Every structure is written in C-alpha cells, then in structure tokens.
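Quick look at entry-v5.tsv (TSV, C-alpha atoms and all ligand atoms):
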chain	number	residue	atom	x	y	z
A	10	MET	CA	4.25	7.25	10.49
A	11	ARG	CA	1.81	4.38	10.93
A	12	ILE	CA	0.71	2.75	7.70
A	13	LEU	CA	-1.43	-0.23	6.97
A	14	LEU	CA	-1.54	-2.32	3.77
A	15	ILE	CA	-4.67	-4.26	2.93
A	16	GLY	CA	-5.21	-6.54	-0.03
A	17	PRO	CA	-5.97	-10.08	-1.11
A	18	PRO	CA	-3.23	-12.74	-1.09
A	19	GLY	CA	-0.89	-11.97	-3.99
A	20	ALA	CA	-1.77	-8.28	-4.18
A	21	GLY	CA	1.85	-7.48	-3.33
A	22	LYS	CA	1.46	-6.33	0.29
A	23	GLY	CA	4.71	-7.97	1.39
A	24	THR	CA	6.62	-6.68	-1.65
A	25	GLN	CA	5.46	-3.09	-1.10
A	26	ALA	CA	5.72	-3.21	2.70
A	27	GLU	CA	9.38	-4.19	2.40
A	28	LYS	CA	10.10	-1.27	0.04
A	29	LEU	CA	8.17	1.19	2.20
A	30	ALA	CA	9.88	0.06	5.39
A	31	ALA	CA	13.32	0.58	3.80
A	32	HIS	CA	12.28	3.96	2.39
A	33	LEU	CA	10.66	5.30	5.58
A	34	LYS	CA	13.13	3.56	7.93
A	35	ILE	CA	10.44	2.05	10.10
A	36	PRO	CA	9.78	-1.65	10.74
A	37	ARG	CA	7.49	-3.79	8.64
A	38	ILE	CA	5.34	-6.06	10.78
A	39	THR	CA	3.87	-9.05	8.98
A	40	THR	CA	1.58	-11.35	10.89
A	41	GLY	CA	2.05	-14.12	8.29
A	42	ASP	CA	5.84	-14.12	8.82
A	43	LEU	CA	5.49	-14.02	12.62
A	44	PHE	CA	3.16	-17.03	12.50
A	45	ARG	CA	5.34	-18.97	10.04
A	46	LYS	CA	8.40	-18.39	12.23
A	47	ALA	CA	6.47	-19.63	15.27
A	48	VAL	CA	5.41	-22.76	13.35
A	49	GLN	CA	8.99	-23.38	12.21
A	50	ASN	CA	10.25	-23.05	15.80
A	51	LYS	CA	7.45	-25.32	17.07
A	52	SER	CA	6.73	-22.72	19.78
A	53	PRO	CA	3.44	-22.83	21.75
A	54	LEU	CA	2.10	-20.09	19.44
A	55	GLY	CA	3.25	-22.08	16.39
A	56	LEU	CA	1.47	-25.23	17.57
A	57	LYS	CA	-1.68	-23.17	18.15
A	58	VAL	CA	-1.74	-21.56	14.67
A	59	GLN	CA	-0.26	-24.25	12.40
A	60	SER	CA	-3.53	-25.83	11.30
A	61	TYR	CA	-5.10	-22.43	10.48
A	62	LEU	CA	-2.16	-21.48	8.26
A	63	GLU	CA	-2.11	-24.81	6.44
A	64	LYS	CA	-5.83	-24.56	5.64
A	65	GLY	CA	-5.62	-20.88	4.65
A	66	ALA	CA	-8.06	-20.01	7.44
A	67	LEU	CA	-7.76	-16.99	9.71
A	68	VAL	CA	-6.12	-17.34	13.11
A	69	PRO	CA	-8.63	-16.30	15.85
A	70	ASP	CA	-8.68	-12.54	16.56
A	71	LYS	CA	-7.68	-12.94	20.23
A	72	VAL	CA	-4.45	-14.75	19.32
A	73	VAL	CA	-3.61	-12.22	16.58
A	74	LEU	CA	-4.28	-9.20	18.80
A	75	GLU	CA	-2.17	-10.52	21.69
A	76	LEU	CA	0.76	-11.14	19.34
A	77	MET	CA	0.48	-7.78	17.61
A	78	GLU	CA	0.01	-5.72	20.76
A	79	GLU	CA	3.23	-7.20	22.11
A	80	ARG	CA	5.08	-6.60	18.83
A	81	MET	CA	3.87	-3.01	18.32
A	82	ALA	CA	4.94	-2.09	21.87
A	83	LYS	CA	8.62	-2.84	21.10
A	84	PRO	CA	11.06	0.11	21.04
A	85	ASP	CA	11.74	-0.13	17.27
A	86	CYS	CA	8.09	0.86	16.67
A	87	LYS	CA	8.42	4.22	18.44
A	88	GLU	CA	8.62	6.18	15.19
A	89	GLY	CA	5.94	4.10	13.49
A	90	PHE	CA	5.45	0.88	11.52
A	91	ILE	CA	4.07	-0.65	8.36
A	92	LEU	CA	1.43	-3.27	9.10
A	93	ASP	CA	1.18	-5.99	6.44
A	94	GLY	CA	-1.55	-8.58	6.87
A	95	PHE	CA	-3.03	-7.10	10.04
A	96	PRO	CA	-5.81	-6.25	10.75
A	97	ARG	CA	-7.69	-8.77	8.69
A	98	THR	CA	-11.14	-8.64	10.33
A	99	VAL	CA	-13.31	-5.83	11.67
A	100	GLY	CA	-12.73	-7.27	15.18
A	101	GLN	CA	-8.94	-6.93	14.72
A	102	ALA	CA	-9.35	-3.38	13.34
A	103	GLU	CA	-11.42	-2.40	16.38
A	104	GLY	CA	-8.81	-3.99	18.68
A	105	LEU	CA	-6.02	-2.05	16.94
A	106	GLU	CA	-7.97	1.19	17.21
A	107	LYS	CA	-8.58	0.67	20.93
A	108	TRP	CA	-4.88	-0.13	21.50
A	109	MET	CA	-3.82	3.02	19.64
A	110	VAL	CA	-6.33	5.30	21.36
A	111	GLN	CA	-5.05	4.10	24.76
A	112	ARG	CA	-1.55	5.21	23.67
A	113	GLU	CA	-2.70	8.43	21.99
A	114	MET	CA	-1.52	7.15	18.61
A	115	VAL	CA	-3.17	7.57	15.25
A	116	LEU	CA	-3.14	5.55	12.08
A	117	ASP	CA	-1.90	7.81	9.29
A	118	GLN	CA	-2.89	5.99	6.11
A	119	VAL	CA	-4.35	2.76	4.80
A	120	PHE	CA	-3.42	1.56	1.31
A	121	ALA	CA	-5.66	-1.02	-0.34
A	122	LEU	CA	-3.91	-2.95	-3.09
A	123	ASP	CA	-5.98	-4.91	-5.55
A	124	VAL	CA	-5.30	-7.40	-8.35
A	125	PRO	CA	-7.66	-9.57	-10.43
A	126	GLU	CA	-8.17	-13.03	-8.88
A	127	GLU	CA	-6.45	-14.97	-11.68
A	128	GLU	CA	-3.35	-12.75	-11.47
A	129	ALA	CA	-3.24	-13.33	-7.69
A	130	VAL	CA	-3.46	-17.11	-8.20
A	131	LEU	CA	-0.73	-17.02	-10.86
A	132	ARG	CA	1.56	-14.93	-8.65
A	133	ILE	CA	1.12	-17.01	-5.52
A	134	SER	CA	0.99	-20.51	-6.92
A	135	GLY	CA	4.32	-19.81	-8.67
A	136	ARG	CA	5.98	-18.35	-5.58
A	137	ARG	CA	8.93	-20.35	-4.18
A	138	GLN	CA	11.37	-19.71	-1.36
A	139	CYS	CA	14.73	-21.08	-0.26
A	140	SER	CA	14.24	-23.11	2.91
A	141	SER	CA	17.73	-22.09	4.13
A	142	CYS	CA	18.33	-18.42	3.33
A	143	GLY	CA	14.79	-17.28	2.45
A	144	SER	CA	15.64	-16.01	-1.09
A	145	ALA	CA	12.43	-15.51	-3.08
A	146	TYR	CA	11.76	-17.09	-6.49
A	147	HIS	CA	8.89	-17.43	-8.93
A	148	THR	CA	8.49	-20.35	-11.33
A	149	ARG	CA	7.54	-18.01	-14.17
A	150	TYR	CA	9.10	-14.61	-13.39
A	151	HIS	CA	12.25	-15.53	-11.47
A	152	PRO	CA	13.13	-19.24	-11.43
A	153	PRO	CA	16.37	-20.44	-9.82
A	154	LYS	CA	19.13	-21.32	-12.33
A	155	LYS	CA	18.86	-25.00	-11.37
A	156	GLU	CA	15.34	-26.22	-10.59
A	157	GLY	CA	14.72	-26.60	-6.86
A	158	VAL	CA	18.17	-25.28	-5.87
A	159	CYS	CA	18.83	-21.82	-4.43
A	160	ASP	CA	21.26	-19.72	-6.52
A	161	PRO	CA	23.31	-18.11	-3.75
A	162	CYS	CA	23.31	-20.84	-1.07
A	163	GLY	CA	22.42	-24.14	-2.78
A	164	GLY	CA	19.54	-24.66	-0.30
A	165	LYS	CA	16.30	-26.40	-1.20
A	166	VAL	CA	13.76	-24.18	-2.98
A	167	VAL	CA	10.27	-25.03	-1.73
A	168	GLN	CA	6.65	-23.92	-2.01
A	169	ARG	CA	4.76	-22.58	1.02
A	170	LYS	CA	2.14	-25.19	1.97
A	171	ASP	CA	-0.65	-22.63	1.75
A	172	ASP	CA	0.51	-21.47	-1.72
A	173	GLU	CA	-0.93	-24.52	-3.49
A	174	GLU	CA	-3.66	-23.38	-5.88
A	175	LYS	CA	-6.59	-24.93	-3.97
A	176	THR	CA	-5.54	-23.23	-0.72
A	177	VAL	CA	-4.85	-19.93	-2.50
A	178	ARG	CA	-8.41	-19.93	-3.84
A	179	HIS	CA	-9.70	-20.57	-0.32
A	180	ARG	CA	-7.56	-17.70	1.04
A	181	LEU	CA	-9.04	-15.41	-1.62
A	182	LYS	CA	-12.55	-16.40	-0.51
A	183	VAL	CA	-11.66	-15.75	3.14
A	184	TYR	CA	-10.30	-12.34	2.08
A	185	SER	CA	-13.53	-11.29	0.40
A	186	GLN	CA	-15.67	-12.50	3.31
A	187	GLU	CA	-13.60	-11.44	6.31
A	188	THR	CA	-11.14	-8.74	5.22
A	189	ALA	CA	-12.81	-6.82	2.38
A	190	PRO	CA	-15.28	-5.22	4.90
A	191	LEU	CA	-12.26	-3.29	6.21
A	192	LEU	CA	-12.31	-1.20	3.02
A	193	HIS	CA	-15.62	0.24	4.22
A	194	PHE	CA	-14.37	0.48	7.84
A	195	TYR	CA	-11.34	2.61	6.88
A	196	GLY	CA	-13.12	4.36	3.99
A	197	LYS	CA	-15.63	5.80	6.48
A	198	LYS	CA	-12.72	7.17	8.55
A	199	GLY	CA	-11.24	8.92	5.48
A	200	LEU	CA	-8.00	6.92	5.74
A	201	LEU	CA	-8.30	4.65	2.69
A	202	LYS	CA	-6.36	5.07	-0.56
A	203	LYS	CA	-6.89	2.50	-3.33
A	204	VAL	CA	-3.89	1.45	-5.40
A	205	ASP	CA	-3.84	-0.72	-8.53
A	206	GLY	CA	-1.61	-3.67	-7.58
A	207	SER	CA	-1.54	-5.16	-11.06
A	208	GLN	CA	1.21	-2.81	-12.29
A	209	SER	CA	4.92	-3.61	-11.91
A	210	PRO	CA	6.26	-3.54	-8.31
A	211	GLU	CA	8.21	-0.34	-9.13
A	212	THR	CA	5.13	1.44	-10.52
A	213	VAL	CA	2.98	0.36	-7.54
A	214	PHE	CA	5.66	1.68	-5.18
A	215	LYS	CA	5.82	4.99	-7.07
A	216	ASN	CA	2.03	5.30	-6.90
A	217	ILE	CA	1.94	4.61	-3.16
A	218	GLY	CA	4.79	7.09	-2.65
A	219	SER	CA	2.85	9.81	-4.45
A	220	LEU	CA	-0.10	9.27	-2.05
A	221	ILE	CA	1.88	9.35	1.19
A	222	LYS	CA	1.13	12.48	3.17
B	1	LIG	P1	0.20	-13.92	4.88
B	1	LIG	O1	1.56	-14.40	4.91
B	1	LIG	O2	-0.07	-12.51	5.33
B	1	LIG	O3	-0.35	-14.17	3.42
B	1	LIG	P2	-1.33	-13.31	2.48
B	1	LIG	O4	-1.99	-12.14	3.04
B	1	LIG	O5	-2.22	-14.34	1.93
B	1	LIG	O6	-0.35	-12.62	1.57
B	1	LIG	P3	0.77	-13.15	0.65
B	1	LIG	O7	2.08	-13.08	1.37
B	1	LIG	O8	0.46	-14.48	0.06
B	1	LIG	O9	0.65	-12.06	-0.49
B	1	LIG	P4	1.09	-10.55	-0.53
B	1	LIG	O10	-0.06	-9.68	-0.82
B	1	LIG	O11	1.95	-10.19	0.66
B	1	LIG	O12	1.96	-10.58	-1.83
B	1	LIG	P5	3.55	-10.70	-2.00
B	1	LIG	O13	4.14	-9.34	-1.96
B	1	LIG	O14	4.11	-11.75	-1.10
B	1	LIG	O15	-0.78	-14.83	5.77
B	1	LIG	C1	-0.68	-16.24	5.73
B	1	LIG	C2	-1.66	-16.88	6.70
B	1	LIG	O16	-1.38	-16.45	8.05
B	1	LIG	C3	-3.14	-16.53	6.51
B	1	LIG	O17	-3.76	-17.33	5.52
B	1	LIG	C4	-3.70	-16.80	7.93
B	1	LIG	O18	-3.83	-18.18	8.15
B	1	LIG	C5	-2.58	-16.29	8.81
B	1	LIG	N1	-2.74	-14.87	9.17
B	1	LIG	C6	-1.86	-13.86	8.83
B	1	LIG	N2	-2.29	-12.69	9.31
B	1	LIG	C7	-3.46	-12.93	9.98
B	1	LIG	C8	-4.38	-12.10	10.67
B	1	LIG	N3	-4.18	-10.78	10.82
B	1	LIG	N4	-5.48	-12.69	11.20
B	1	LIG	C9	-5.69	-14.01	11.09
B	1	LIG	N5	-4.85	-14.86	10.43
B	1	LIG	C10	-3.74	-14.32	9.89
B	1	LIG	O19	3.60	-11.20	-3.51
B	1	LIG	C11	3.10	-12.49	-3.90
B	1	LIG	C12	3.85	-12.94	-5.17
B	1	LIG	O20	3.60	-12.01	-6.23
B	1	LIG	C13	5.38	-12.97	-5.02
B	1	LIG	O21	5.86	-14.06	-5.77
B	1	LIG	C14	5.83	-11.62	-5.59
B	1	LIG	O22	7.15	-11.67	-6.10
B	1	LIG	C15	4.80	-11.40	-6.69
B	1	LIG	N6	4.50	-9.97	-6.90
B	1	LIG	C16	4.27	-9.02	-5.95
B	1	LIG	N7	3.98	-7.84	-6.53
B	1	LIG	C17	4.02	-8.06	-7.87
B	1	LIG	C18	3.80	-7.24	-9.01
B	1	LIG	N8	3.48	-5.94	-8.87
B	1	LIG	N9	3.89	-7.79	-10.25
B	1	LIG	C19	4.22	-9.12	-10.39
B	1	LIG	N10	4.45	-9.96	-9.35
B	1	LIG	C20	4.34	-9.43	-8.12
Kindly present the structure from the file in structure tokens form.
Ligand code: AP5
Amino acid sequence: MRILLIGPPGAGKGTQAEKLAAHLKIPRITTGDLFRKAVQNKSPLGLKVQSYLEKGALVPDKVVLELMEERMAKPDCKEGFILDGFPRTVGQAEGLEKWMVQREMVLDQVFALDVPEEEAVLRISGRRQCSSCGSAYHTRYHPPKKEGVCDPCGGKVVQRKDDEEKTVRHRLKVYSQETAPLLHFYGKKGLLKKVDGSQSPETVFKNIGSLIK
C-alpha cells in the first residue's frame, strides 16, 4: 500500500503517519526528518538544505526528488510506504508520478489533513523535543516534569528552530502557496480523501482507518 499524507504544518501528518506505519507495517518516510538528520550530521546534503529549513522555505524540487527516489528504492519499501511531507509542490508530485510509472507502481490513497491556522500555530509553537533521545513534548499538552529536562533520559528539551511562531506562520504561507495546489492535483485523479485534523489524534486515526481501501 502506498499512501500519502498532505496537510499544513501542525495538521498532524507526522503523528498519523507514525500510527499508520505501525498499523500497516510499512515504513514512514518523512522528508523533514531526513533533512534534519542530514543537517545534524553536517553531511553535504545537510549543508545544502540547512538554510531552507531554518527559514521555513522549501528545499528545491531537484534535491528533494533525488533524495526520495533513493529512499523509496530501498528494500523495506517493497510492500509500500507512507509518505509524510512529500510531495510538497506540483513539480514534486509530477516527479513522483513519473518515478512510479517507470516502476509500474500506483499511489493508492492521498489523505489531506486540515486544521485551522491558529490551532496549527498553537500546536507547533508549543512543540518540544529531547535533543538526546528524541522524546516529544508540548508546553501545553505534555510538558516534561522538570522544565527543559527530558523525563526518561535527563537530556535537554529544545524547540526546533523552525517551530518559532514567526517561522511557523511563514511555513503556513508557503503551504497555501506551494502545497495546497496538490489538493486539486490529486482530487482530479480521484485519490484524495479529506480528513478533519482538529479532532484528537485517536479520532483522526480512526477516521483515516475507516477510509483506507
Ligand atoms: P516537516 O518536518 O515536514 O514539517 P511540516 O510539514 O511543517 O510538518 P510538522 O512536522 O511541523 O507538522 P505535522 O503536520 O507533521 O504535525 P505533527 O504530527 O508533527 O518539514 C520541515 C521543513 O523541511 C520544511 O519547512 C522544508 O524546509 C523542508 N521540507 C520537508 N519536506 C520538503 C519537501 N517535500 N520539499 C521541500 N522542502 C521540504 O504535530 C505537530 C504538533 O501537534 C505536535 O506537537 C503533536 O503532538 C501535535 N498534534 C498532532 N496531532 C494532534 C491532534 N490531533 N490534537 C492535538 N495535538 C496534535
């Protein structure tokens, strides 16, 4: 099964992709995580994409497509994958389509999650993560017991640079200009299912599950 999740920052793509991947036993591929890892490792790719990530701008299509084509060709993707955060432009969607056609693959379903802008800003600007073990926190919904300190490992709890409110608002603008046209792109192909992302994570997951064919 090959599934794609589209939605503005904070819509819950990562949260739902993780649940779906565990449920369907196929890998979740997240361009954002791949780029952040490259930045952390100071790899040539990381050096190339760092400034885009920090500004909340999109990485150029060519760079994204090269990375994803390599990742999707790995053996763990044989039975399918959940794409989270890719494609994000019509150019990337066309590139993905071409890559799949060449391999006689089809995209099964596209889920579009949506949340009101202010909810997205609240969710993302409160998001925190342990810099050592990666445990996720939220200043409002799930703060660590001791401020700034990870519960299980004692590591430093930090905010993603691009999660500061000003950058989040820019990312939302980029989404409506560059990524929202994909709703039309996949709608025309009869692949799109819209899901209300403002419900609880469990309810959103149940709703997606009921739409999976
Ligand atoms: P990326 O990491 O993909 O960020 P994003 O799309 O902006 O998405 P987020 O991870 O911020 O939000 P999400 O929808 O996954 O929500 P999540 O589940 O985490 O991309 C980062 C950057 O990389 C981009 O800006 C760009 O520079 C670059 N990039 C990546 N892909 C690219 C591409 N294809 N082309 C070009 N550039 C690319 O949830 C967010 C928060 O809300 C969490 O705290 C979570 O706990 C909470 N939450 C989730 N669901 C719920 C719920 N139902 N109720 C309450 N809280 C919830």
Would you name the residues within 6 Å of ligand LIG 1 (chain B), counting all atoms listed in the file, and put them as number ranges by chain?
A: 17-24, 40-42, 61-62, 65-68, 73, 94-97, 132-133, 136, 147, 180, 206-210
Take the selection from the previous step and output its residues with C-alpha atoms, as an mmCIF file, in the frame of the given file.
data_model
loop_
_atom_site.group_PDB
_atom_site.id
_atom_site.type_symbol
_atom_site.label_atom_id
_atom_site.label_comp_id
_atom_site.auth_asym_id
_atom_site.auth_seq_id
_atom_site.Cartn_x
_atom_site.Cartn_y
_atom_site.Cartn_z
ATOM 1 C CA PRO A 17 -5.970 -10.080 -1.110
ATOM 2 C CA PRO A 18 -3.230 -12.740 -1.090
ATOM 3 C CA GLY A 19 -0.890 -11.970 -3.990
ATOM 4 C CA ALA A 20 -1.770 -8.280 -4.180
ATOM 5 C CA GLY A 21 1.850 -7.480 -3.330
ATOM 6 C CA LYS A 22 1.460 -6.330 0.290
ATOM 7 C CA GLY A 23 4.710 -7.970 1.390
ATOM 8 C CA THR A 24 6.620 -6.680 -1.650
ATOM 9 C CA THR A 40 1.580 -11.350 10.890
ATOM 10 C CA GLY A 41 2.050 -14.120 8.290
ATOM 11 C CA ASP A 42 5.840 -14.120 8.820
ATOM 12 C CA TYR A 61 -5.100 -22.430 10.480
ATOM 13 C CA LEU A 62 -2.160 -21.480 8.260
ATOM 14 C CA GLY A 65 -5.620 -20.880 4.650
ATOM 15 C CA ALA A 66 -8.060 -20.010 7.440
ATOM 16 C CA LEU A 67 -7.760 -16.990 9.710
ATOM 17 C CA VAL A 68 -6.120 -17.340 13.110
ATOM 18 C CA VAL A 73 -3.610 -12.220 16.580
ATOM 19 C CA GLY A 94 -1.550 -8.580 6.870
ATOM 20 C CA PHE A 95 -3.030 -7.100 10.040
ATOM 21 C CA PRO A 96 -5.810 -6.250 10.750
ATOM 22 C CA ARG A 97 -7.690 -8.770 8.690
ATOM 23 C CA ARG A 132 1.560 -14.930 -8.650
ATOM 24 C CA ILE A 133 1.120 -17.010 -5.520
ATOM 25 C CA ARG A 136 5.980 -18.350 -5.580
ATOM 26 C CA HIS A 147 8.890 -17.430 -8.930
ATOM 27 C CA ARG A 180 -7.560 -17.700 1.040
ATOM 28 C CA GLY A 206 -1.610 -3.670 -7.580
ATOM 29 C CA SER A 207 -1.540 -5.160 -11.060
ATOM 30 C CA GLN A 208 1.210 -2.810 -12.290
ATOM 31 C CA SER A 209 4.920 -3.610 -11.910
ATOM 32 C CA PRO A 210 6.260 -3.540 -8.310
#
I'd like the interatomic distance between CA of Leu181 in chain A and CA of Leu116 in chain A, to a tenth of an Å.
25.7 Å
Which residues come within 8 Å of Ile38 in chain A, counting all atoms listed in the file, excluding same-chain residues fewer than 2 positions away, as a ChimeraX atom specification?
/A:36,40,90-93
Who sits within 9 Å of Ala47 in chain A, only C-alpha atoms, same chain under 5 positions skipped, as a count of residues only:
8
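The space separating CA of Tyr146 in chain A from CA of Phe44 in chain A comes to 20.8 Å.
Across the model, the gap from CA of Leu43 in chain A to CA of Glu211 in chain A is 25.8 Å.
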Option closest in space to Gly143 in chain A, from A:Glu79, A:Asp123, A:Lys46, A:Lys107 [counting all atoms listed in the file]
A:Lys46
Find, counting all atoms listed in the file, the residue in A:Met81, A:Leu74, A:Leu14, A:Val99 that gets nearest to Phe194 in chain A.
A:Val99
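Of the residues listed (A:Ala145, A:Ala121, A:Ala30, A:Leu201), A:Ala121 shows the shortest atom-to-atom separation from Ile15 in chain A; distances use only C-alpha atoms.
Minimum distance to Leu76 in chain A across A:Asn50, A:Gln138, A:Gln101, A:Ser60 (counting all atoms listed in the file) occurs at A:Gln101.
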Exercise: Pro153 in chain A partners within 12 Å, all atoms listed in the file, chain neighbours under 3 positions left out, as a PDB file with C-alpha atoms, keeping the file's coordinate frame:
ATOM      1  CA  ARG A 136       5.980 -18.350  -5.580  1.00  0.00           C
ATOM      2  CA  ARG A 137       8.930 -20.350  -4.180  1.00  0.00           C
ATOM      3  CA  GLN A 138      11.370 -19.710  -1.360  1.00  0.00           C
ATOM      4  CA  CYS A 139      14.730 -21.080  -0.260  1.00  0.00           C
ATOM      5  CA  SER A 144      15.640 -16.010  -1.090  1.00  0.00           C
ATOM      6  CA  ALA A 145      12.430 -15.510  -3.080  1.00  0.00           C
ATOM      7  CA  TYR A 146      11.760 -17.090  -6.490  1.00  0.00           C
ATOM      8  CA  HIS A 147       8.890 -17.430  -8.930  1.00  0.00           C
ATOM      9  CA  THR A 148       8.490 -20.350 -11.330  1.00  0.00           C
ATOM     10  CA  ARG A 149       7.540 -18.010 -14.170  1.00  0.00           C
ATOM     11  CA  TYR A 150       9.100 -14.610 -13.390  1.00  0.00           C
ATOM     12  CA  GLU A 156      15.340 -26.220 -10.590  1.00  0.00           C
ATOM     13  CA  GLY A 157      14.720 -26.600  -6.860  1.00  0.00           C
ATOM     14  CA  VAL A 158      18.170 -25.280  -5.870  1.00  0.00           C
ATOM     15  CA  CYS A 159      18.830 -21.820  -4.430  1.00  0.00           C
ATOM     16  CA  ASP A 160      21.260 -19.720  -6.520  1.00  0.00           C
ATOM     17  CA  PRO A 161      23.310 -18.110  -3.750  1.00  0.00           C
ATOM     18  CA  CYS A 162      23.310 -20.840  -1.070  1.00  0.00           C
ATOM     19  CA  GLY A 163      22.420 -24.140  -2.780  1.00  0.00           C
ATOM     20  CA  GLY A 164      19.540 -24.660  -0.300  1.00  0.00           C
ATOM     21  CA  LYS A 165      16.300 -26.400  -1.200  1.00  0.00           C
ATOM     22  CA  VAL A 166      13.760 -24.180  -2.980  1.00  0.00           C
ATOM     23  CA  VAL A 167      10.270 -25.030  -1.730  1.00  0.00           C
TER      24      VAL A 167
END
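Nearest-residue note for Gly16 in chain A: choosing from A:Gly199, A:Pro84, A:Pro125, A:Pro152, the minimum distance belongs to A:Pro125, counting all atoms listed in the file.
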Counting all atoms listed in the file, the option among A:Gln111, A:Gln118, A:Thr188, A:Gln49 closest to Met10 in chain A:
A:Gln118
Using only C-alpha atoms and a cutoff of 10 Å, can you tell me which residues are near (6.0, 4.4, 0.1) in the file's coordinates, and write them out as a VMD selection string?
chain A and resid 12 25 to 33 91 120 213 to 222
Output C-alpha atoms for every residue in the selection just made, as a compact mmCIF listing (two decimals), keeping the file's coordinate frame.
# COMPACT_ATOMS: atom_id res chain seq x y z
CA ILE A 12 0.71 2.75 7.70
CA GLN A 25 5.46 -3.09 -1.10
CA ALA A 26 5.72 -3.21 2.70
CA GLU A 27 9.38 -4.19 2.40
CA LYS A 28 10.10 -1.27 0.04
CA LEU A 29 8.17 1.19 2.20
CA ALA A 30 9.88 0.06 5.39
CA ALA A 31 13.32 0.58 3.80
CA HIS A 32 12.28 3.96 2.39
CA LEU A 33 10.66 5.30 5.58
CA ILE A 91 4.07 -0.65 8.36
CA PHE A 120 -3.42 1.56 1.31
CA VAL A 213 2.98 0.36 -7.54
CA PHE A 214 5.66 1.68 -5.18
CA LYS A 215 5.82 4.99 -7.07
CA ASN A 216 2.03 5.30 -6.90
CA ILE A 217 1.94 4.61 -3.16
CA GLY A 218 4.79 7.09 -2.65
CA SER A 219 2.85 9.81 -4.45
CA LEU A 220 -0.10 9.27 -2.05
CA ILE A 221 1.88 9.35 1.19
CA LYS A 222 1.13 12.48 3.17
Can you complete the atoms of range 79-86 of chain A to all heavy atoms and list them as a PDB file, in the frame of the given file?
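File written: part.pdb
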ATOM      1  N   GLU A  79       1.883  -7.018  21.552  1.00  0.00           N
ATOM      2  CA  GLU A  79       3.230  -7.200  22.110  1.00  0.00           C
ATOM      3  C   GLU A  79       4.282  -6.677  21.123  1.00  0.00           C
ATOM      4  O   GLU A  79       5.207  -5.973  21.493  1.00  0.00           O
ATOM      5  CB  GLU A  79       3.433  -8.686  22.396  1.00  0.00           C
ATOM      6  CG  GLU A  79       4.623  -8.970  23.279  1.00  0.00           C
ATOM      7  CD  GLU A  79       4.901 -10.457  23.355  1.00  0.00           C
ATOM      8  OE1 GLU A  79       3.942 -11.245  23.492  1.00  0.00           O
ATOM      9  OE2 GLU A  79       6.094 -10.820  23.260  1.00  0.00           O
ATOM     10  N   ARG A  80       4.080  -6.995  19.848  1.00  0.00           N
ATOM     11  CA  ARG A  80       5.080  -6.600  18.830  1.00  0.00           C
ATOM     12  C   ARG A  80       5.119  -5.078  18.637  1.00  0.00           C
ATOM     13  O   ARG A  80       6.179  -4.472  18.545  1.00  0.00           O
ATOM     14  CB  ARG A  80       4.758  -7.306  17.494  1.00  0.00           C
ATOM     15  CG  ARG A  80       5.684  -6.924  16.332  1.00  0.00           C
ATOM     16  CD  ARG A  80       7.117  -7.343  16.604  1.00  0.00           C
ATOM     17  NE  ARG A  80       8.076  -6.824  15.645  1.00  0.00           N
ATOM     18  CZ  ARG A  80       8.706  -5.654  15.757  1.00  0.00           C
ATOM     19  NH1 ARG A  80       8.481  -4.868  16.787  1.00  0.00           N
ATOM     20  NH2 ARG A  80       9.580  -5.271  14.842  1.00  0.00           N
ATOM     21  N   MET A  81       3.930  -4.454  18.603  1.00  0.00           N
ATOM     22  CA  MET A  81       3.870  -3.010  18.320  1.00  0.00           C
ATOM     23  C   MET A  81       4.383  -2.183  19.507  1.00  0.00           C
ATOM     24  O   MET A  81       4.657  -1.003  19.348  1.00  0.00           O
ATOM     25  CB  MET A  81       2.444  -2.589  17.971  1.00  0.00           C
ATOM     26  CG  MET A  81       1.972  -3.157  16.635  1.00  0.00           C
ATOM     27  SD  MET A  81       0.325  -2.589  16.165  1.00  0.00           S
ATOM     28  CE  MET A  81      -0.709  -3.218  17.460  1.00  0.00           C
ATOM     29  N   ALA A  82       4.470  -2.826  20.678  1.00  0.00           N
ATOM     30  CA  ALA A  82       4.940  -2.090  21.870  1.00  0.00           C
ATOM     31  C   ALA A  82       6.469  -2.080  21.954  1.00  0.00           C
ATOM     32  O   ALA A  82       7.034  -1.445  22.828  1.00  0.00           O
ATOM     33  CB  ALA A  82       4.353  -2.730  23.122  1.00  0.00           C
ATOM     34  N   LYS A  83       7.147  -2.777  21.034  1.00  0.00           N
ATOM     35  CA  LYS A  83       8.620  -2.840  21.100  1.00  0.00           C
ATOM     36  C   LYS A  83       9.244  -1.498  20.723  1.00  0.00           C
ATOM     37  O   LYS A  83       8.652  -0.731  19.944  1.00  0.00           O
ATOM     38  CB  LYS A  83       9.126  -3.959  20.170  1.00  0.00           C
ATOM     39  CG  LYS A  83       8.656  -5.327  20.636  1.00  0.00           C
ATOM     40  CD  LYS A  83       9.669  -6.397  20.372  1.00  0.00           C
ATOM     41  CE  LYS A  83       9.343  -7.599  21.234  1.00  0.00           C
ATOM     42  NZ  LYS A  83       9.502  -8.853  20.587  1.00  0.00           N
ATOM     43  N   PRO A  84      10.447  -1.211  21.253  1.00  0.00           N
ATOM     44  CA  PRO A  84      11.060   0.110  21.040  1.00  0.00           C
ATOM     45  C   PRO A  84      11.256   0.486  19.569  1.00  0.00           C
ATOM     46  O   PRO A  84      11.190   1.661  19.217  1.00  0.00           O
ATOM     47  CB  PRO A  84      12.423  -0.020  21.744  1.00  0.00           C
ATOM     48  CG  PRO A  84      12.332  -1.196  22.630  1.00  0.00           C
ATOM     49  CD  PRO A  84      11.244  -2.070  22.154  1.00  0.00           C
ATOM     50  N   ASP A  85      11.494  -0.488  18.689  1.00  0.00           N
ATOM     51  CA  ASP A  85      11.740  -0.130  17.270  1.00  0.00           C
ATOM     52  C   ASP A  85      10.491   0.439  16.593  1.00  0.00           C
ATOM     53  O   ASP A  85      10.562   0.966  15.491  1.00  0.00           O
ATOM     54  CB  ASP A  85      12.281  -1.335  16.483  1.00  0.00           C
ATOM     55  CG  ASP A  85      11.281  -2.467  16.371  1.00  0.00           C
ATOM     56  OD1 ASP A  85      10.422  -2.612  17.267  1.00  0.00           O
ATOM     57  OD2 ASP A  85      11.331  -3.215  15.376  1.00  0.00           O
ATOM     58  N   CYS A  86       9.339   0.357  17.267  1.00  0.00           N
ATOM     59  CA  CYS A  86       8.090   0.860  16.670  1.00  0.00           C
ATOM     60  C   CYS A  86       7.764   2.291  17.115  1.00  0.00           C
ATOM     61  O   CYS A  86       6.705   2.819  16.768  1.00  0.00           O
ATOM     62  CB  CYS A  86       6.917  -0.053  17.048  1.00  0.00           C
ATOM     63  SG  CYS A  86       7.050  -1.662  16.289  1.00  0.00           S
TER      64      CYS A  86
END
